[in-house]
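Enquirer: File name my_file_5.tsv; file contents TSV, C-alpha atoms; full text below.
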chain	number	residue	atom	x	y	z
F	1317	MET	CA	-152.87	-61.52	-28.75
F	1318	ARG	CA	-154.78	-62.43	-25.60
F	1319	PHE	CA	-156.72	-60.22	-23.20
F	1320	VAL	CA	-155.94	-60.41	-19.47
F	1321	SER	CA	-158.61	-59.27	-17.02
F	1322	ASN	CA	-157.52	-57.44	-13.86
F	1323	ASN	CA	-160.79	-58.46	-12.18
F	1324	GLY	CA	-161.87	-54.86	-11.69
F	1325	ASN	CA	-159.03	-53.94	-9.32
F	1326	THR	CA	-158.50	-50.20	-8.87
F	1327	ASP	CA	-155.39	-50.32	-6.64
F	1328	PRO	CA	-152.60	-48.66	-8.68
F	1329	ALA	CA	-149.82	-50.66	-6.99
F	1330	LEU	CA	-151.59	-53.93	-7.81
F	1331	ASN	CA	-152.32	-52.95	-11.41
F	1332	LEU	CA	-148.74	-51.89	-12.10
F	1333	ALA	CA	-147.52	-55.11	-10.50
F	1334	LEU	CA	-149.89	-57.10	-12.71
F	1335	GLU	CA	-148.53	-55.37	-15.80
F	1336	GLU	CA	-144.94	-56.22	-14.81
F	1337	TYR	CA	-145.91	-59.80	-13.93
F	1338	ILE	CA	-147.48	-60.35	-17.35
F	1339	LEU	CA	-144.34	-58.97	-18.98
F	1340	ARG	CA	-141.88	-61.10	-17.04
F	1341	SER	CA	-143.72	-64.25	-16.00
F	1342	LEU	CA	-146.50	-65.25	-18.39
F	1343	PRO	CA	-145.80	-67.45	-21.45
F	1344	ASP	CA	-144.01	-65.68	-24.31
F	1345	ASP	CA	-147.08	-64.34	-26.09
F	1346	ASP	CA	-148.74	-60.98	-26.81
F	1347	TYR	CA	-151.23	-59.60	-24.29
F	1348	LEU	CA	-153.62	-56.70	-23.81
F	1349	LEU	CA	-154.41	-55.35	-20.35
F	1350	PHE	CA	-156.91	-52.67	-19.30
F	1351	TYR	CA	-157.00	-51.15	-15.82
F	1352	ILE	CA	-158.60	-48.24	-13.97
F	1353	ASN	CA	-156.92	-46.78	-10.89
F	1354	GLU	CA	-158.18	-44.94	-7.86
F	1355	PRO	CA	-157.01	-41.29	-7.74
F	1356	SER	CA	-153.23	-41.47	-8.06
F	1357	ILE	CA	-150.16	-39.87	-9.56
F	1358	ILE	CA	-148.10	-42.38	-11.55
F	1359	ILE	CA	-144.48	-41.23	-11.68
F	1360	GLY	CA	-142.14	-42.05	-14.57
F	1361	LYS	CA	-139.22	-44.37	-13.80
F	1362	ASN	CA	-136.57	-41.66	-14.08
F	1363	GLN	CA	-138.37	-38.84	-12.31
F	1364	ASN	CA	-137.67	-37.22	-8.95
F	1365	THR	CA	-140.98	-37.86	-7.20
F	1366	VAL	CA	-140.86	-35.06	-4.62
F	1367	GLU	CA	-140.40	-32.47	-7.37
F	1368	GLU	CA	-143.26	-33.78	-9.54
F	1369	ILE	CA	-146.11	-33.82	-7.03
F	1370	ASN	CA	-148.00	-31.35	-4.89
F	1371	ALA	CA	-147.58	-33.34	-1.67
F	1372	ASP	CA	-149.99	-31.26	0.45
F	1373	TYR	CA	-152.77	-31.48	-2.10
F	1374	MET	CA	-152.28	-35.22	-2.50
F	1375	LYS	CA	-152.39	-35.82	1.24
F	1376	GLU	CA	-155.51	-33.70	1.69
F	1377	ASN	CA	-157.28	-35.56	-1.12
F	1378	ASN	CA	-156.03	-39.11	-0.39
F	1379	ILE	CA	-154.31	-39.45	-3.76
F	1380	HIS	CA	-151.85	-42.35	-4.14
F	1381	VAL	CA	-148.37	-41.88	-5.59
F	1382	VAL	CA	-146.72	-44.86	-7.32
F	1383	ARG	CA	-143.68	-45.11	-9.58
F	1384	ARG	CA	-144.02	-47.14	-12.78
F	1385	LEU	CA	-141.39	-49.07	-14.76
F	1386	SER	CA	-141.60	-46.97	-17.92
F	1387	GLY	CA	-140.02	-43.60	-18.62
F	1388	GLY	CA	-141.89	-40.44	-19.53
F	1389	GLY	CA	-143.64	-37.93	-17.31
F	1390	ALA	CA	-145.97	-38.05	-14.33
F	1391	VAL	CA	-149.66	-38.63	-15.08
F	1392	TYR	CA	-152.86	-38.41	-13.06
F	1393	HIS	CA	-155.19	-41.43	-12.86
F	1394	ASP	CA	-158.66	-41.68	-11.39
F	1395	LEU	CA	-161.82	-43.72	-11.87
F	1396	GLY	CA	-162.59	-41.72	-15.01
F	1397	ASN	CA	-159.34	-42.71	-16.68
F	1398	LEU	CA	-158.93	-45.98	-18.62
F	1399	ASN	CA	-155.40	-47.32	-19.05
F	1400	PHE	CA	-154.35	-49.76	-21.77
F	1401	SER	CA	-151.16	-51.79	-22.08
F	1402	PHE	CA	-149.90	-53.85	-25.03
F	1403	ILE	CA	-147.39	-56.39	-23.67
F	1404	MET	CA	-145.39	-58.35	-26.23
F	1405	ARG	CA	-142.10	-59.49	-27.70
F	1406	ASP	CA	-139.75	-56.71	-28.70
F	1407	ASP	CA	-139.01	-57.26	-32.38
F	1408	GLY	CA	-136.23	-54.67	-32.34
F	1409	ALA	CA	-138.29	-52.07	-34.20
F	1410	SER	CA	-141.17	-51.42	-31.80
F	1411	PHE	CA	-139.54	-49.52	-28.93
F	1412	HIS	CA	-140.06	-45.77	-29.50
F	1413	ASN	CA	-142.65	-46.66	-32.19
F	1414	PHE	CA	-145.67	-45.22	-30.42
F	1415	LYS	CA	-147.68	-45.15	-33.63
F	1416	LYS	CA	-147.74	-48.96	-33.80
F	1417	PHE	CA	-149.44	-49.23	-30.41
F	1418	THR	CA	-151.69	-46.18	-30.55
F	1419	GLU	CA	-153.11	-46.92	-34.03
F	1420	PRO	CA	-155.63	-49.53	-32.75
F	1421	VAL	CA	-156.75	-47.07	-30.07
F	1422	VAL	CA	-157.02	-44.18	-32.52
F	1423	LYS	CA	-159.05	-46.39	-34.88
F	1424	ALA	CA	-161.43	-47.31	-32.05
F	1425	LEU	CA	-161.83	-43.67	-31.00
F	1426	GLN	CA	-162.48	-42.55	-34.55
F	1427	GLY	CA	-165.11	-45.26	-34.81
F	1428	MET	CA	-166.85	-43.55	-31.88
F	1429	GLY	CA	-166.70	-40.20	-33.64
F	1430	VAL	CA	-163.67	-38.90	-31.71
F	1431	ASP	CA	-161.20	-37.28	-34.12
F	1432	ALA	CA	-158.06	-38.45	-32.29
F	1433	GLU	CA	-154.51	-38.55	-33.68
F	1434	LEU	CA	-150.97	-39.20	-32.45
F	1435	THR	CA	-149.05	-35.96	-32.05
F	1436	GLY	CA	-145.55	-35.05	-30.93
F	1437	ARG	CA	-143.58	-37.74	-29.21
F	1438	ASN	CA	-146.22	-39.80	-27.46
F	1439	ASP	CA	-149.56	-37.98	-27.05
F	1440	LEU	CA	-153.02	-38.55	-28.46
F	1441	GLN	CA	-154.90	-35.34	-29.10
F	1442	VAL	CA	-158.23	-34.12	-30.41
F	1443	GLY	CA	-157.36	-30.86	-32.09
F	1444	GLU	CA	-155.04	-29.04	-29.69
F	1445	ARG	CA	-156.23	-30.92	-26.62
F	1446	LYS	CA	-154.50	-33.94	-25.11
F	1447	ILE	CA	-156.57	-37.01	-24.22
F	1448	SER	CA	-153.79	-39.59	-23.79
F	1449	GLY	CA	-150.12	-39.90	-22.88
F	1450	ASN	CA	-148.07	-43.01	-23.65
F	1451	ALA	CA	-144.87	-44.63	-22.37
F	1452	GLN	CA	-142.84	-47.81	-22.93
F	1453	PHE	CA	-140.60	-50.25	-21.09
F	1454	HIS	CA	-138.21	-52.92	-22.38
F	1455	SER	CA	-136.69	-55.92	-20.59
F	1456	LYS	CA	-134.98	-59.07	-21.87
F	1457	GLY	CA	-136.55	-59.17	-25.31
F	1458	ARG	CA	-140.02	-58.16	-24.18
F	1459	MET	CA	-141.71	-54.79	-23.83
F	1460	PHE	CA	-144.91	-53.02	-23.05
F	1461	SER	CA	-146.39	-49.85	-24.47
F	1462	HIS	CA	-149.06	-48.36	-22.27
F	1463	GLY	CA	-151.17	-45.24	-22.23
F	1464	THR	CA	-153.84	-43.29	-20.45
F	1465	LEU	CA	-157.25	-42.48	-21.89
F	1466	LEU	CA	-158.84	-39.52	-20.11
F	1467	PHE	CA	-162.48	-40.49	-20.40
F	1468	ASP	CA	-164.21	-38.56	-17.63
F	1469	SER	CA	-161.41	-37.54	-15.25
F	1470	GLU	CA	-161.45	-34.75	-12.67
F	1471	ILE	CA	-159.38	-32.29	-14.67
F	1472	GLU	CA	-158.91	-29.99	-11.66
F	1473	ASN	CA	-157.08	-32.82	-9.89
F	1474	VAL	CA	-154.81	-33.24	-12.91
F	1475	ILE	CA	-153.91	-29.57	-12.54
F	1476	SER	CA	-153.62	-29.43	-8.76
F	1477	ALA	CA	-151.82	-32.70	-7.99
F	1478	LEU	CA	-148.94	-32.20	-10.45
F	1479	LYS	CA	-146.20	-29.61	-10.38
F	1480	VAL	CA	-146.25	-28.52	-14.00
F	1481	ASN	CA	-142.93	-28.11	-15.80
F	1482	ALA	CA	-143.49	-24.73	-17.42
F	1483	GLU	CA	-140.62	-25.32	-19.86
F	1484	LYS	CA	-142.44	-28.35	-21.29
F	1485	TYR	CA	-145.62	-26.44	-22.01
F	1486	VAL	CA	-143.88	-23.35	-23.35
F	1487	SER	CA	-142.16	-25.60	-25.88
F	1488	LYS	CA	-145.58	-26.69	-27.10
F	1489	SER	CA	-146.72	-23.05	-27.46
F	1490	THR	CA	-149.53	-23.44	-24.93
F	1491	LYS	CA	-150.50	-21.32	-21.95
F	1492	SER	CA	-151.63	-23.87	-19.38
F	1493	ILE	CA	-152.28	-27.51	-18.67
F	1494	ARG	CA	-155.99	-26.69	-18.40
F	1495	SER	CA	-156.11	-25.51	-22.00
F	1496	ARG	CA	-154.32	-28.63	-23.24
F	1497	VAL	CA	-156.17	-31.45	-21.49
F	1498	ALA	CA	-159.63	-32.80	-22.34
F	1499	ASN	CA	-161.89	-35.72	-21.55
F	1500	ILE	CA	-162.91	-38.08	-24.36
F	1501	SER	CA	-166.51	-37.89	-23.14
F	1502	GLU	CA	-166.62	-34.28	-24.40
F	1503	PHE	CA	-166.22	-35.49	-27.99
F	1504	LEU	CA	-168.52	-38.53	-28.09
F	1505	GLN	CA	-171.49	-38.37	-30.43
F	1506	GLU	CA	-173.50	-40.51	-28.00
F	1507	PRO	CA	-172.91	-40.44	-24.20
F	1508	MET	CA	-171.65	-43.64	-22.58
F	1509	GLU	CA	-170.27	-44.86	-19.26
F	1510	ILE	CA	-166.61	-45.81	-18.89
F	1511	GLU	CA	-167.43	-49.54	-18.84
F	1512	GLN	CA	-169.27	-49.18	-22.16
F	1513	PHE	CA	-166.26	-47.30	-23.47
F	1514	ARG	CA	-163.94	-50.11	-22.33
F	1515	GLN	CA	-166.10	-52.72	-24.06
F	1516	ALA	CA	-166.25	-50.68	-27.28
F	1517	LEU	CA	-162.47	-50.32	-27.27
F	1518	LEU	CA	-162.00	-54.05	-26.67
F	1519	ALA	CA	-164.42	-54.95	-29.47
F	1520	SER	CA	-162.62	-52.66	-31.91
F	1521	ILE	CA	-159.15	-54.00	-31.09
F	1522	PHE	CA	-160.34	-57.60	-31.51
F	1523	GLU	CA	-162.50	-56.72	-34.50
F	1524	GLY	CA	-163.84	-59.72	-36.43
F	1525	MET	CA	-163.80	-62.06	-33.42
F	1526	ASP	CA	-166.89	-63.15	-31.53
F	1527	GLU	CA	-164.99	-62.49	-28.32
F	1528	ALA	CA	-161.44	-61.62	-27.30
F	1529	PRO	CA	-159.10	-64.57	-26.65
F	1530	THR	CA	-158.19	-64.47	-22.95
F	1531	TYR	CA	-155.50	-65.66	-20.56
F	1532	GLU	CA	-156.96	-66.73	-17.22
F	1533	LEU	CA	-154.75	-65.88	-14.24
F	1534	THR	CA	-154.52	-68.58	-11.55
F	1535	ASP	CA	-154.70	-68.08	-7.79
F	1536	GLN	CA	-150.91	-68.56	-7.73
F	1537	ASP	CA	-150.53	-65.83	-10.36
F	1538	TRP	CA	-152.51	-63.43	-8.18
F	1539	GLU	CA	-150.43	-64.33	-5.11
F	1540	ASN	CA	-147.30	-63.53	-7.08
F	1541	VAL	CA	-148.75	-60.24	-8.29
F	1542	GLN	CA	-149.69	-59.24	-4.73
F	1543	LYS	CA	-146.18	-60.08	-3.54
F	1544	LEU	CA	-144.66	-57.91	-6.28
F	1545	ALA	CA	-147.04	-55.06	-5.45
F	1546	ASN	CA	-145.98	-55.16	-1.80
F	1547	GLU	CA	-142.25	-55.51	-2.43
F	1548	ARG	CA	-141.90	-52.94	-5.20
F	1549	TYR	CA	-144.85	-50.70	-5.87
F	1550	ARG	CA	-145.87	-50.06	-2.27
F	1551	SER	CA	-142.31	-49.49	-1.04
F	1552	TRP	CA	-141.04	-46.02	-0.15
F	1553	GLU	CA	-137.64	-46.82	-1.65
F	1554	TRP	CA	-139.11	-47.56	-5.09
F	1555	THR	CA	-141.56	-44.68	-5.21
F	1556	TYR	CA	-139.39	-41.91	-3.76
F	1557	GLY	CA	-135.89	-43.25	-4.30
F	1558	ARG	CA	-132.85	-41.15	-3.62
F	1559	SER	CA	-132.11	-37.54	-4.46
F	1560	PRO	CA	-128.44	-36.96	-3.62
F	1561	ALA	CA	-126.88	-33.81	-2.29
F	1562	PHE	CA	-125.62	-31.83	-5.26
F	1563	ASN	CA	-123.69	-28.67	-6.00
F	1564	MET	CA	-124.08	-28.72	-9.78
F	1565	GLN	CA	-127.36	-29.05	-11.68
F	1566	GLN	CA	-128.35	-28.83	-15.34
F	1567	ARG	CA	-132.01	-28.91	-16.31
F	1568	LYS	CA	-132.80	-28.78	-20.02
F	1569	ARG	CA	-135.51	-29.88	-22.41
F	1570	ILE	CA	-134.18	-31.45	-25.60
F	1571	GLU	CA	-136.82	-31.41	-28.31
F	1572	GLY	CA	-137.84	-34.89	-29.42
F	1573	VAL	CA	-136.01	-36.50	-26.49
F	1574	GLY	CA	-137.42	-35.12	-23.26
F	1575	THR	CA	-136.58	-33.11	-20.16
F	1576	PHE	CA	-133.33	-33.89	-18.33
F	1577	ASP	CA	-132.31	-32.94	-14.80
F	1578	VAL	CA	-128.68	-33.93	-14.17
F	1579	ARG	CA	-127.31	-33.45	-10.64
F	1580	LEU	CA	-123.70	-33.89	-9.63
F	1581	GLN	CA	-121.93	-33.63	-6.31
F	1582	VAL	CA	-118.41	-32.50	-7.20
F	1583	GLU	CA	-115.78	-32.60	-4.47
F	1584	ASP	CA	-112.16	-31.56	-5.08
F	1585	GLY	CA	-112.77	-31.70	-8.81
F	1586	VAL	CA	-114.10	-35.30	-8.73
F	1587	ILE	CA	-117.74	-36.44	-9.11
F	1588	ALA	CA	-118.68	-37.97	-5.75
F	1589	ASP	CA	-122.35	-38.63	-6.50
F	1590	ALA	CA	-124.71	-38.28	-9.46
F	1591	ALA	CA	-128.37	-38.61	-10.40
F	1592	ILE	CA	-130.16	-38.32	-13.73
F	1593	PHE	CA	-133.86	-37.49	-13.66
F	1594	GLY	CA	-136.21	-36.82	-16.56
F	1595	ASP	CA	-139.13	-37.89	-18.74
F	1596	PHE	CA	-136.99	-39.41	-21.51
F	1597	PHE	CA	-137.51	-42.92	-22.90
F	1598	GLY	CA	-134.64	-45.40	-22.99
F	1599	ARG	CA	-134.20	-49.14	-22.92
F	1600	GLY	CA	-131.37	-49.07	-20.38
F	1601	GLU	CA	-131.26	-47.95	-16.76
F	1602	SER	CA	-130.15	-44.35	-16.38
F	1603	GLY	CA	-128.84	-45.27	-12.94
F	1604	GLU	CA	-126.06	-47.24	-14.64
F	1605	VAL	CA	-124.89	-44.06	-16.35
F	1606	ALA	CA	-125.12	-42.08	-13.11
F	1607	ALA	CA	-123.04	-44.72	-11.32
F	1608	GLY	CA	-120.46	-44.57	-14.11
F	1609	LEU	CA	-119.99	-40.84	-13.53
F	1610	ILE	CA	-118.92	-41.35	-9.93
F	1611	GLY	CA	-115.16	-41.13	-9.54
F	1612	LYS	CA	-114.64	-39.27	-12.84
F	1613	ARG	CA	-112.79	-35.94	-12.82
F	1614	TYR	CA	-115.15	-33.08	-13.58
F	1615	ASP	CA	-113.21	-32.30	-16.72
F	1616	ALA	CA	-114.57	-31.85	-20.24
F	1617	ASP	CA	-111.95	-34.07	-21.91
F	1618	GLU	CA	-112.34	-36.91	-19.42
F	1619	LEU	CA	-116.15	-36.82	-19.57
F	1620	GLN	CA	-116.04	-36.73	-23.37
F	1621	LYS	CA	-113.74	-39.77	-23.56
F	1622	TRP	CA	-115.93	-41.66	-21.12
F	1623	SER	CA	-119.10	-40.66	-22.99
F	1624	ASP	CA	-117.62	-41.97	-26.26
F	1625	GLN	CA	-118.03	-45.47	-24.81
F	1626	LEU	CA	-121.71	-45.00	-23.98
F	1627	ASP	CA	-124.59	-46.11	-26.18
F	1628	LEU	CA	-126.51	-42.91	-25.45
F	1629	PRO	CA	-129.67	-43.79	-27.45
F	1630	TYR	CA	-129.92	-47.06	-25.49
F	1631	TYR	CA	-130.19	-45.14	-22.24
F	1632	PHE	CA	-131.89	-41.90	-23.24
F	1633	GLY	CA	-133.43	-42.14	-26.70
F	1634	PRO	CA	-132.38	-40.02	-29.71
F	1635	ILE	CA	-129.89	-37.74	-27.93
F	1636	THR	CA	-126.63	-36.64	-29.57
F	1637	LYS	CA	-123.25	-36.74	-27.86
F	1638	GLU	CA	-123.06	-32.94	-28.00
F	1639	GLN	CA	-126.45	-32.62	-26.29
F	1640	TRP	CA	-125.41	-35.11	-23.64
F	1641	LEU	CA	-122.13	-33.34	-22.89
F	1642	GLY	CA	-124.06	-30.09	-22.67
F	1643	LEU	CA	-126.01	-31.60	-19.76
F	1644	LEU	CA	-122.83	-32.48	-17.88
F	1645	MET	CA	-120.77	-29.31	-18.26
Please express the file's structure as C-alpha cells.
Expert:
Amino acid sequence: MRFVSNNGNTDPALNLALEEYILRSLPDDDYLLFYINEPSIIIGKNQNTVEEINADYMKENNIHVVRRLSGGGAVYHDLGNLNFSFIMRDDGASFHNFKKFTEPVVKALQGMGVDAELTGRNDLQVGERKISGNAQFHSKGRMFSHGTLLFDSEIENVISALKVNAEKYVSKSTKSIRSRVANISEFLQEPMEIEQFRQALLASIFEGMDEAPTYELTDQDWENVQKLANERYRSWEWTYGRSPAFNMQQRKRIEGVGTFDVRLQVEDGVIADAAIFGDFFGRGESGEVAAGLIGKRYDADELQKWSDQLDLPYYFGPITKEQWLGLLM
C-alpha cells in the first residue's frame, strides 16, 4: 500500500476528485489518502440533496455542499475533521466489510488511549458517542472505503447544517444528534493538534516502516484531478440532481440496510417517472433500477415479476425481495 499526499488541499470538490482519480486512473495498486475539507456537507450518492441540508444555514455560514461517489448518509466536514480513504482492488469479499478497513484506524486510536470500536453498520464510537462514519464505492474491480474522523469539529455546525432524519436516531434509541456525536480530542490522554493526529495515524497504519511508501502525483495528474473536480464535483447537476414530480412516496428505514425514499409518478396506472433516494450501500447504480420501473404498470404482480429479475443486494445491500416490494406498493 502506498500513501498519496493531497498537498494540503482543503477544497472538498478537489479532494473528492482526487479520490476518484486514484481509484480509476492510477496503477492497479493499493493506496491510502488523507484529506481535510473546509466546512462542507458531503452528500451520499443516492441522497436527495435539498432534503438533507439546511440551505439557509449553509448559505449564511459559507458551507460547501458536494455529492460523493459512495452511498450512505450526509456528513459534515470542517478543518477539525480528518478523512481517510483506503483505495484498492476489490477481492470480492471486501465491499460491505467495514471492519477490514476500520480495524487499522481503531488500532491507531486505541494506541492513543481512545477506546474506539466499530458499531452498527458503519460507525466508529467511543461508548455511545459517534466519532466516525464510513462509506464505500465499487467500480470495475476496484473500490474505496472511506471515513470521517471527528477530531476537533464544530459540533454545532454538524447539528445545524444537516436536516436530521428522526427515524434514524429513534432506531438507535437516542434522543438527539448532539448526544451521539463527539470529538476524538475529548478522549485523548495527551492533547495534540490535528496534524500531529494525522502523523500518528499514518505511523500506526504503516507500523514497522521507517516511512510510508508514497506515490508522487505528477503535474499532469493534478491537471486531470482539477478537470474532474470542475466537471463533476462542482457541477449543479451532480450535486443536486433531479427530484421528479411524484404522487406516490414510500419512506422506510430497513434495519441493517438503510433508509429508503422511493418516489413514483403514476399516470393512468403506469409508472411515468421514478427516483430512489437513501443512505443504503450498493455496488450498482440505483438509477438503473429507477429507470427500469418507468413504463411498468403499477400492479403488484407485474412489479413482483420484474423484481424477480433484479439482483437486489447488488443495488441496495442486504435487502429481501419482500422488503423491496414493500417500498414499491
Enquirer: Record the distance separating atom CA of Arg1437 of chain F and atom CA of Gly1572 of chain F, expressed in Å with one decimal.
Expert: 6.4 Å
Enquirer: Of the residues F:Thr1365, F:Ser1341, F:Asn1353, F:Thr1326, which is the one nearest to Glu1553 of chain F, using all atoms listed in the file?
Expert: F:Thr1365
Enquirer: At a cut-off of 12 Å, using all atoms listed in the file, what residues contact Arg1405 of chain F? Leave out same-chain residues fewer than 6 positions from it and give the result as a list in words.
Expert: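 Those residues are Met1317, Ile1338, Leu1339, Arg1340, Leu1342, Pro1343, Asp1344, Asp1345, Asp1346, Tyr1347, Phe1411, Phe1453, His1454, Ser1455, Lys1456, Gly1457, Arg1458, Met1459, Phe1460 and Ser1461 of chain F.
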Enquirer: Between F:Val1320, F:Ile1635, F:Ile1379, F:Ala1591, which one has atoms that come closest to Tyr1337 of chain F, using only C-alpha atoms?
Expert: F:Val1320
Enquirer: Counting all atoms listed in the file, which of F:Lys1621, F:Met1645, F:Gly1463, F:Asp1439 gets nearest to Val1582 of chain F?
Expert: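 Of the candidates, the smallest distance to Val1582 of chain F is held by F:Met1645.
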Enquirer: Rounded to one decimal, what separation in Å do you get between atom CA of Gly1429 of chain F and atom CA of Lys1416 of chain F?
Expert: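 Interatomic distance here is 20.9 Å.
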Enquirer: Can you pull out the residues contacting His1393 of chain F? Cut-off 7 Å, using all atoms listed in the file, and skip same-chain residues under 3 positions away; I want them as a list in words.
Expert: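 Result of the neighbour search: Asn1353, Glu1354, Pro1355, Ser1356, Ile1357 and Asn1397 of chain F.
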Enquirer: Which of these residues is nearest to Gly1389 of chain F, using all atoms listed in the file: F:Thr1575, F:Gln1581, F:Gln1426, F:Ser1559?
Expert: F:Thr1575
Enquirer: Give me, as a list in words, all polymer residues having an atom no more than 10 Å from Leu1478 of chain F, counting all atoms listed in the file and skipping those fewer than 2 positions away in the same chain.
Expert: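 Near Leu1478 of chain F, the qualifying residues are Ile1357, Glu1367, Glu1368, Ile1369, Asn1370, Ala1371, Tyr1373, Met1374, Ala1390, Val1391, Tyr1392, Asn1473, Val1474, Ile1475, Ser1476, Val1480 and Asn1481 of chain F.
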Enquirer: Between atom CA of Asn1413 of chain F and atom CA of Ser1602 of chain F, what is the spacing in Å?
Expert: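 Going from atom CA of Ser1602 of chain F over to atom CA of Asn1413 of chain F covers 20.3 Å.
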Enquirer: Restricting the calculation to all atoms listed in the file: of F:Leu1466, F:Val1578, F:Ile1570, F:Ile1359, which residue gets closest to Arg1445 of chain F?
Expert: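 So, comparing all the options, the nearest one is F:Leu1466.
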Enquirer: Write out as JSON an axis-aligned box for segment 1392-1403 of chain F: all of its atoms listed in the file, 6 Å added on each side, centre and edge lengths in Å with one decimal.
Expert:
{"center_x": -155.0, "center_y": -47.4, "center_z": -18.2, "size_x": 27.2, "size_y": 30.0, "size_z": 25.6}
Enquirer: Name the residues, using the chain letters and numbers of the file, that sit within 9 Å of (-156.5, -50.3, -21.6) when counting all atoms listed in the file, and give them as a VMD selection string.
Expert: chain F and resid 1348 to 1352 1398 to 1402 1462 to 1465 1514 1517 to 1518
Enquirer: Counting only C-alpha atoms, which of F:Arg1558, F:Lys1423, F:Lys1446, F:Arg1569 gets nearest to Asn1364 of chain F?
Expert: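 Looking only at the distances to Asn1364 of chain F, the closest residue turns out to be F:Arg1558.
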Enquirer: Can you list, as a list in words, every protein, DNA or RNA residue that comes within 8 Å of Gly1396 of chain F when you count all atoms listed in the file, leaving out same-chain residues fewer than 4 positions away?
Expert: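 My list of contacting residues is Ile1352, Leu1466, Phe1467, Asp1468, Ser1469, Glu1470 and Ile1510 of chain F.
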Enquirer: Could you give me, as a ChimeraX atom specification, the residues within 10 Å of Glu1506 of chain F, counting all atoms listed in the file and dropping anything in the same chain fewer than 4 positions from it?
Expert: /F:1428-1429,1501-1502
